[in-house]
>>> print(open('upload38.txt').read())   # compact mmCIF, C-alpha atoms
# COMPACT_ATOMS: atom_id res chain seq x y z
CA MET A 161 18.48 10.80 9.11
CA LYS A 162 18.98 11.87 5.49
CA VAL A 163 16.41 10.40 3.12
CA GLY A 164 15.96 10.78 -0.63
CA ILE A 165 12.57 10.42 -2.31
CA ILE A 166 12.61 10.02 -6.07
CA GLY A 167 9.15 10.45 -7.53
CA PHE A 168 6.46 12.54 -5.85
CA GLY A 169 3.17 10.82 -6.66
CA ASN A 170 0.65 9.70 -4.04
CA MET A 171 3.04 7.31 -2.30
CA GLY A 172 6.17 9.46 -2.54
CA SER A 173 4.43 12.58 -1.28
CA SER A 174 2.68 10.70 1.55
CA ILE A 175 5.96 9.21 2.78
CA TYR A 176 7.56 12.65 2.49
CA ASN A 177 4.89 14.25 4.70
CA ILE A 178 5.26 11.61 7.41
CA LEU A 179 9.07 11.60 7.47
CA LYS A 180 9.24 15.40 7.36
CA LYS A 181 7.09 15.60 10.49
CA ARG A 182 9.45 13.15 12.17
CA GLY A 183 12.35 15.51 11.60
CA HIS A 184 14.28 13.74 8.87
CA LYS A 185 16.21 15.71 6.25
CA ILE A 186 14.45 14.95 2.96
CA TYR A 187 15.86 15.31 -0.55
CA VAL A 188 13.24 15.20 -3.32
CA ALA A 189 13.64 14.57 -7.04
CA GLU A 190 10.62 14.82 -9.35
CA LYS A 191 10.54 15.31 -13.11
CA ASN A 192 7.32 17.34 -12.87
CA VAL A 193 9.07 20.41 -11.47
CA GLU A 194 5.97 22.63 -11.69
CA LYS A 195 4.09 20.25 -9.42
CA ILE A 196 6.77 20.55 -6.75
CA LYS A 197 7.03 24.33 -7.09
CA LYS A 198 3.33 24.69 -6.29
CA LEU A 199 3.91 22.73 -3.08
CA LYS A 200 6.95 24.91 -2.26
CA ILE A 201 9.22 21.89 -1.84
CA GLU A 202 12.92 22.08 -2.65
CA THR A 203 14.03 19.67 -5.37
CA HIS A 204 17.45 18.20 -6.05
CA ASN A 205 19.12 17.08 -9.25
CA LEU A 206 19.68 13.34 -9.65
CA LYS A 207 23.13 14.07 -11.09
CA GLU A 208 24.24 15.60 -7.80
CA LYS A 209 26.50 13.45 -5.64
CA ILE A 210 24.56 13.09 -2.38
CA ASP A 211 25.21 10.59 0.42
CA LEU A 212 21.98 9.49 2.08
CA ASP A 213 20.86 6.87 4.59
CA TYR A 214 17.94 5.72 2.46
CA ILE A 215 16.64 6.44 -1.02
CA ILE A 216 12.96 5.70 -1.67
CA LEU A 217 12.46 4.93 -5.34
CA ALA A 218 8.88 5.91 -6.18
CA ILE A 219 9.00 6.44 -9.96
CA LYS A 220 6.68 4.69 -12.42
CA PRO A 221 7.73 1.07 -13.09
CA LYS A 222 8.10 1.71 -16.83
CA ASP A 223 10.66 4.46 -16.16
CA ILE A 224 13.19 2.19 -14.45
CA LYS A 225 14.69 1.12 -17.79
CA ASP A 226 16.12 4.61 -18.38
CA PHE A 227 16.73 5.57 -14.76
CA SER A 228 20.08 6.56 -13.26
CA THR A 229 21.29 8.69 -10.35
CA ASN A 230 24.43 9.70 -8.50
CA TRP A 231 22.62 9.60 -5.16
CA ASN A 232 24.27 7.13 -2.81
CA GLY A 233 22.40 5.18 -0.11
CA LYS A 234 20.32 2.09 0.55
CA PHE A 235 17.51 1.86 -1.99
CA ILE A 236 13.93 1.11 -1.01
CA SER A 237 11.90 0.39 -4.13
CA ILE A 238 8.11 0.78 -4.10
CA LEU A 239 7.77 -0.02 -7.80
CA ALA A 240 4.92 -2.45 -8.46
CA GLY A 241 5.86 -5.54 -10.45
CA THR A 242 9.58 -4.66 -10.55
CA GLN A 243 11.91 -7.26 -9.08
CA THR A 244 14.98 -6.36 -7.05
CA LYS A 245 17.14 -8.05 -9.69
CA THR A 246 16.04 -5.38 -12.20
CA ILE A 247 16.75 -2.55 -9.73
CA LYS A 248 20.19 -3.95 -8.89
CA GLU A 249 21.18 -4.37 -12.52
CA GLN A 250 19.92 -0.93 -13.53
CA LEU A 251 21.54 0.94 -10.63
CA LYS A 252 24.59 -1.33 -10.30
CA ILE A 253 24.04 -1.91 -6.59
CA ASP A 254 24.05 -5.11 -4.52
CA LYS A 255 21.39 -4.43 -1.86
CA VAL A 256 17.74 -3.50 -2.31
CA ILE A 257 14.66 -3.38 -0.10
CA ARG A 258 11.44 -3.98 -1.99
CA LEU A 259 8.41 -2.41 -0.34
CA MET A 260 4.78 -2.42 -1.44
CA PRO A 261 2.91 0.16 0.68
CA ASN A 262 -0.73 1.12 0.34
CA ILE A 263 -2.74 4.31 0.41
CA GLY A 264 -3.66 3.77 4.06
CA LEU A 265 -0.43 5.50 5.02
CA LEU A 266 -2.13 8.80 4.11
CA ALA A 267 -4.11 8.29 7.29
CA GLY A 268 -1.26 6.76 9.28
CA LYS A 269 -2.75 3.27 8.81
CA GLY A 270 -0.62 1.88 6.00
CA ILE A 271 0.61 -1.68 5.70
CA ALA A 272 3.23 -2.95 3.27
CA GLY A 273 4.79 -6.15 2.08
CA ILE A 274 8.58 -6.06 2.41
CA TYR A 275 11.36 -8.18 0.89
CA PHE A 276 15.06 -7.83 1.66
CA ASP A 277 17.58 -8.67 -1.05
CA ASN A 278 21.11 -9.43 0.21
CA ILE A 279 20.60 -7.69 3.56
CA ASN A 280 21.77 -9.29 6.81
CA LYS A 281 19.76 -9.62 10.02
CA GLU A 282 21.43 -6.69 11.81
CA GLU A 283 20.85 -4.33 8.89
CA LYS A 284 17.31 -5.60 8.49
CA GLU A 285 16.37 -4.72 12.06
CA LYS A 286 17.58 -1.15 11.54
CA ASP A 287 15.78 -0.90 8.19
CA ILE A 288 12.49 -2.11 9.67
CA ARG A 289 12.72 0.44 12.48
CA PHE A 290 13.05 3.20 9.89
CA ILE A 291 10.31 1.93 7.56
CA GLU A 292 7.87 1.43 10.43
CA GLU A 293 8.04 5.17 10.98
CA PHE A 294 5.65 5.48 8.05
CA THR A 295 3.99 2.07 7.59
CA LYS A 296 3.46 -1.31 9.20
CA VAL A 297 5.21 -4.15 7.38
CA VAL A 298 4.72 -7.83 6.65
CA GLU A 299 7.98 -9.51 5.62
CA VAL A 300 8.12 -12.24 2.99
CA ALA A 301 11.08 -14.52 2.30
CA ASN A 302 9.98 -15.18 -1.30
CA GLU A 303 10.01 -12.07 -3.51
CA ASP A 304 7.22 -13.42 -5.73
CA LEU A 305 4.85 -12.99 -2.77
CA ILE A 306 5.25 -9.21 -3.02
CA ASP A 307 3.06 -9.38 -6.13
CA SER A 308 0.47 -11.27 -4.10
CA ILE A 309 0.58 -8.60 -1.40
CA THR A 310 0.25 -5.89 -4.06
CA SER A 311 -3.02 -7.48 -5.15
CA ILE A 312 -4.41 -7.54 -1.60
CA SER A 313 -3.17 -4.46 0.27
CA GLY A 314 -1.88 -2.38 -2.64
CA SER A 315 -4.99 -2.52 -4.83
CA GLY A 316 -7.31 -3.59 -2.02
CA PRO A 317 -8.32 -0.11 -0.78
CA ALA A 318 -9.98 0.57 -4.15
CA PHE A 319 -12.06 -2.59 -3.78
CA VAL A 320 -12.97 -1.66 -0.21
CA PHE A 321 -14.03 1.84 -1.31
CA MET A 322 -16.26 0.30 -3.99
CA PHE A 323 -17.86 -1.94 -1.38
CA ILE A 324 -18.42 1.01 0.97
CA GLU A 325 -19.98 3.07 -1.83
CA ALA A 326 -22.32 0.25 -2.83
CA PHE A 327 -23.23 -0.50 0.79
CA ALA A 328 -24.02 3.17 1.46
CA ASN A 329 -26.01 3.48 -1.77
CA ALA A 330 -28.10 0.55 -0.60
CA GLY A 331 -28.86 2.48 2.57
CA ILE A 332 -29.90 5.50 0.52
CA ARG A 333 -32.13 3.28 -1.63
CA ILE A 334 -34.06 2.15 1.45
CA GLY A 335 -34.62 5.68 2.74
CA LEU A 336 -31.55 6.81 4.69
CA ASP A 337 -29.96 10.16 3.91
CA LYS A 338 -26.45 10.06 2.47
CA GLU A 339 -24.64 11.29 5.58
CA THR A 340 -26.37 8.81 7.87
CA SER A 341 -25.87 5.91 5.50
CA TYR A 342 -22.13 6.52 5.08
CA LYS A 343 -21.66 6.97 8.83
CA LEU A 344 -23.44 3.69 9.54
CA VAL A 345 -21.43 1.83 6.91
CA GLN A 346 -18.07 3.22 8.05
CA GLU A 347 -18.66 2.48 11.72
CA THR A 348 -20.12 -0.95 10.94
CA ILE A 349 -16.98 -1.90 9.00
CA LEU A 350 -14.61 -0.47 11.63
CA GLY A 351 -16.50 -2.24 14.42
CA SER A 352 -16.47 -5.55 12.56
CA ILE A 353 -12.71 -5.33 11.99
CA GLU A 354 -12.03 -4.47 15.63
CA LEU A 355 -14.19 -7.39 16.80
CA MET A 356 -12.33 -9.78 14.51
CA LYS A 357 -8.95 -8.51 15.77
CA LYS A 358 -10.02 -8.61 19.41
CA THR A 359 -11.64 -12.07 19.39
CA LYS A 360 -9.22 -13.59 16.82
CA LYS A 361 -12.17 -15.61 15.56
CA HIS A 362 -12.55 -16.69 11.94
CA PRO A 363 -14.87 -14.33 10.00
CA ALA A 364 -17.15 -17.25 9.16
CA GLU A 365 -17.67 -17.89 12.89
CA LEU A 366 -18.48 -14.22 13.54
CA LYS A 367 -20.84 -14.21 10.57
CA GLU A 368 -22.79 -17.09 12.11
CA ILE A 369 -23.25 -15.10 15.32
CA VAL A 370 -25.04 -12.35 13.35
CA ALA A 371 -27.03 -14.65 11.06
CA SER A 372 -29.94 -16.07 13.09
CA PRO A 373 -31.87 -19.03 11.64
CA GLY A 374 -34.60 -17.84 9.31
CA GLY A 375 -33.71 -14.20 9.99
CA THR A 376 -33.03 -11.10 7.93
CA THR A 377 -29.23 -11.48 7.79
CA ILE A 378 -29.26 -14.99 6.34
CA GLU A 379 -31.68 -13.74 3.70
CA GLY A 380 -29.13 -11.12 2.65
CA ILE A 381 -26.30 -13.66 2.73
CA SER A 382 -28.31 -15.95 0.45
CA LYS A 383 -28.65 -13.13 -2.07
CA LEU A 384 -24.92 -12.42 -1.94
CA GLU A 385 -24.20 -16.10 -2.61
CA GLU A 386 -26.71 -16.12 -5.46
CA LYS A 387 -24.93 -13.14 -7.07
CA GLY A 388 -21.47 -14.69 -6.69
CA PHE A 389 -20.21 -12.20 -4.08
CA ARG A 390 -17.31 -14.28 -2.78
CA SER A 391 -16.26 -15.73 -6.11
CA SER A 392 -16.24 -12.25 -7.70
CA ILE A 393 -13.87 -10.99 -4.99
CA ILE A 394 -11.55 -13.97 -5.47
CA GLU A 395 -11.54 -13.45 -9.24
CA CYS A 396 -11.00 -9.71 -8.78
CA VAL A 397 -7.86 -10.23 -6.68
CA TYR A 398 -6.57 -12.98 -8.97
CA SER A 399 -6.97 -10.74 -12.04
CA THR A 400 -5.14 -7.97 -10.20
CA TYR A 401 -2.32 -10.39 -9.39
CA GLN A 402 -2.05 -11.53 -13.02
CA LYS A 403 -1.78 -7.89 -14.15
CA THR A 404 0.87 -7.15 -11.50
CA ARG A 405 3.01 -9.96 -12.91
CA LYS A 406 2.89 -8.32 -16.36
CA ILE A 407 3.68 -4.71 -15.42
CA VAL A 408 7.38 -4.74 -16.35
>>> encode(input="upload38.txt", output="structure tokens")
Amino acid sequence: MKVGIIGFGNMGSSIYNILKKRGHKIYVAEKNVEKIKKLKIETHNLKEKIDLDYIILAIKPKDIKDFSTNWNGKFISILAGTQTKTIKEQLKIDKVIRLMPNIGLLAGKGIAGIYFDNINKEEKEKDIRFIEEFTKVVEVANEDLIDSITSISGSGPAFVFMFIEAFANAGIRIGLDKETSYKLVQETILGSIELMKKTKKHPAELKEIVASPGGTTIEGISKLEEKGFRSSIIECVYSTYQKTRKIV
């Protein structure tokens, strides 16, 4: 399959690496030519007339207002806060896939919100097969929900990394060496997620299994509640969502 990637930041380059390994023919366009030269990747001019199966639009959202290309193919936009209506009007096309991937795809564990604009069921099935070569997807019928997904899975890894760092620092504070603390935290989080997926139980129910009456865990939970742990997370995601709605 012939695929174009326009923009070679974290997302564009990660998708490139995965699709390249899968044997697709990739065409790359990036305004920072020196960056691409260092990576020894061939670049192509946007003014060229190229027929492609898919074109992944990975430029900065603010740049869409001045963007144009002669590349022809089905566009997959990963621009945060940029509606398909804007893409269609700017590029004078009638079909767009809007995708919001996250940084997990660097490790082959990405998940993305996806919205199809003016694409029938048969086309959609083919499109999903292609996109799932580099990320899992969650489809939404309402485009506005892509902004909600951006706030959870798009920005979410940064919040998770902050939690991991704080959790590991707590371990260091109580005497563990850095390596041991980070290993314990990582495996604890992975194990908790796997248990939740396997049992399909609500996290509150699993929490109660760990928190014995009058024990150490409930003492820690009480402190988290005192410091507004859950409300701060809710406010964090809501603020992220509000910002996403204002990007373009």
>>> closest_atom_pairs(input="upload38.txt", of="stretch 262-342 of chain A", to="stretch 181-199 of chain A", cutoff="12 Å", atoms="all atoms listed in the file", output="JSON lines")
{"residue": "A:Phe290", "atom": "CA", "partner": "A:His184", "partner_atom": "CA", "distance": 10.7}
{"residue": "A:Glu292", "atom": "CA", "partner": "A:Arg182", "partner_atom": "CA", "distance": 12.0}
{"residue": "A:Glu293", "atom": "CA", "partner": "A:Arg182", "partner_atom": "CA", "distance": 8.2}
{"residue": "A:Phe294", "atom": "CA", "partner": "A:Arg182", "partner_atom": "CA", "distance": 9.5}
>>> residues_near_point(input="upload38.txt", point="(12.8, -4.7, -3.3)", cutoff="8 Å", atoms="only C-alpha atoms", output="list in words")
Ile236, Ser237, Ile238, Thr242, Gln243, Thr244, Ile247, Val256, Ile257, Arg258, Leu259, Ile274, Tyr275, Phe276, Asp277 and Glu303 of chain A
>>> residues_around(input="upload38.txt", residues="stretch 329-332 of chain A", least_positions_apart="3", cutoff="9 Å", atoms="only C-alpha atoms", output="list in words")
Ile324, Glu325, Ala326, Gly335, Leu336, Asp337, Lys338, Thr340, Ser341, Tyr342, Leu344 and Val345 of chain A
>>> closest_atom_pairs(input="upload38.txt", of="stretch 197-270 of chain A", to="stretch 396-404 of chain A", cutoff="12 Å", atoms="all atoms listed in the file", output="tab-separated table")
residue	atom	partner	partner_atom	distance
A:Pro221	CA	A:Thr404	CA	10.8
A:Leu239	CA	A:Thr404	CA	10.6
A:Ala240	CA	A:Thr404	CA	6.9
A:Gly241	CA	A:Thr404	CA	5.3
A:Thr242	CA	A:Thr404	CA	9.1
A:Gln243	CA	A:Thr404	CA	11.3
A:Met260	CA	A:Thr404	CA	11.8
>>> atom_distance(input="upload38.txt", atom1="atom CA of A:Phe168", atom2="atom CA of A:Leu217")
9.7 Å
>>> atom_distance(input="upload38.txt", atom1="atom CA of A:Ala267", atom2="atom CA of A:Ile175")
11.1 Å
>>> atom_distance(input="upload38.txt", atom1="atom CA of A:Arg289", atom2="atom CA of A:Glu202")
26.4 Å
>>> closest_residue(input="upload38.txt", among="A:Ser392, A:Ile271, A:Ile349, A:Ile224", to="A:Ala328", atoms="only C-alpha atoms")
A:Ile349
>>> build_atoms(input="upload38.txt", residues="stretch 176-190 of chain A", atoms="N, CA and C atoms", output="CSV table (one decimal), in the coordinates of the input")
chain,number,residue,atom,x,y,z
A,176,TYR,N,6.9,11.4,2.2
A,176,TYR,CA,7.6,12.6,2.5
A,176,TYR,C,6.9,13.4,3.7
A,177,ASN,N,5.6,13.5,3.6
A,177,ASN,CA,4.9,14.2,4.7
A,177,ASN,C,5.1,13.6,6.1
A,178,ILE,N,5.1,12.3,6.1
A,178,ILE,CA,5.3,11.6,7.4
A,178,ILE,C,6.7,11.8,7.9
A,179,LEU,N,7.7,11.5,7.0
A,179,LEU,CA,9.1,11.6,7.5
A,179,LEU,C,9.5,13.0,7.8
A,180,LYS,N,8.9,14.0,7.1
A,180,LYS,CA,9.2,15.4,7.4
A,180,LYS,C,8.8,15.8,8.8
A,181,LYS,N,7.6,15.3,9.2
A,181,LYS,CA,7.1,15.6,10.5
A,181,LYS,C,7.9,14.9,11.6
A,182,ARG,N,8.6,13.9,11.2
A,182,ARG,CA,9.4,13.2,12.2
A,182,ARG,C,10.9,13.7,12.2
A,183,GLY,N,11.1,14.8,11.5
A,183,GLY,CA,12.4,15.5,11.6
A,183,GLY,C,13.5,15.0,10.7
A,184,HIS,N,13.2,14.2,9.8
A,184,HIS,CA,14.3,13.7,8.9
A,184,HIS,C,14.6,14.8,7.8
A,185,LYS,N,15.8,14.8,7.3
A,185,LYS,CA,16.2,15.7,6.2
A,185,LYS,C,15.9,15.0,4.9
A,186,ILE,N,15.0,15.6,4.2
A,186,ILE,CA,14.4,15.0,3.0
A,186,ILE,C,15.0,15.6,1.7
A,187,TYR,N,15.4,14.8,0.8
A,187,TYR,CA,15.9,15.3,-0.6
A,187,TYR,C,14.9,14.7,-1.6
A,188,VAL,N,14.3,15.6,-2.4
A,188,VAL,CA,13.2,15.2,-3.3
A,188,VAL,C,13.7,15.4,-4.8
A,189,ALA,N,13.4,14.4,-5.6
A,189,ALA,CA,13.6,14.6,-7.0
A,189,ALA,C,12.3,14.2,-7.7
A,190,GLU,N,11.9,15.1,-8.6
A,190,GLU,CA,10.6,14.8,-9.4
A,190,GLU,C,10.7,15.5,-10.7
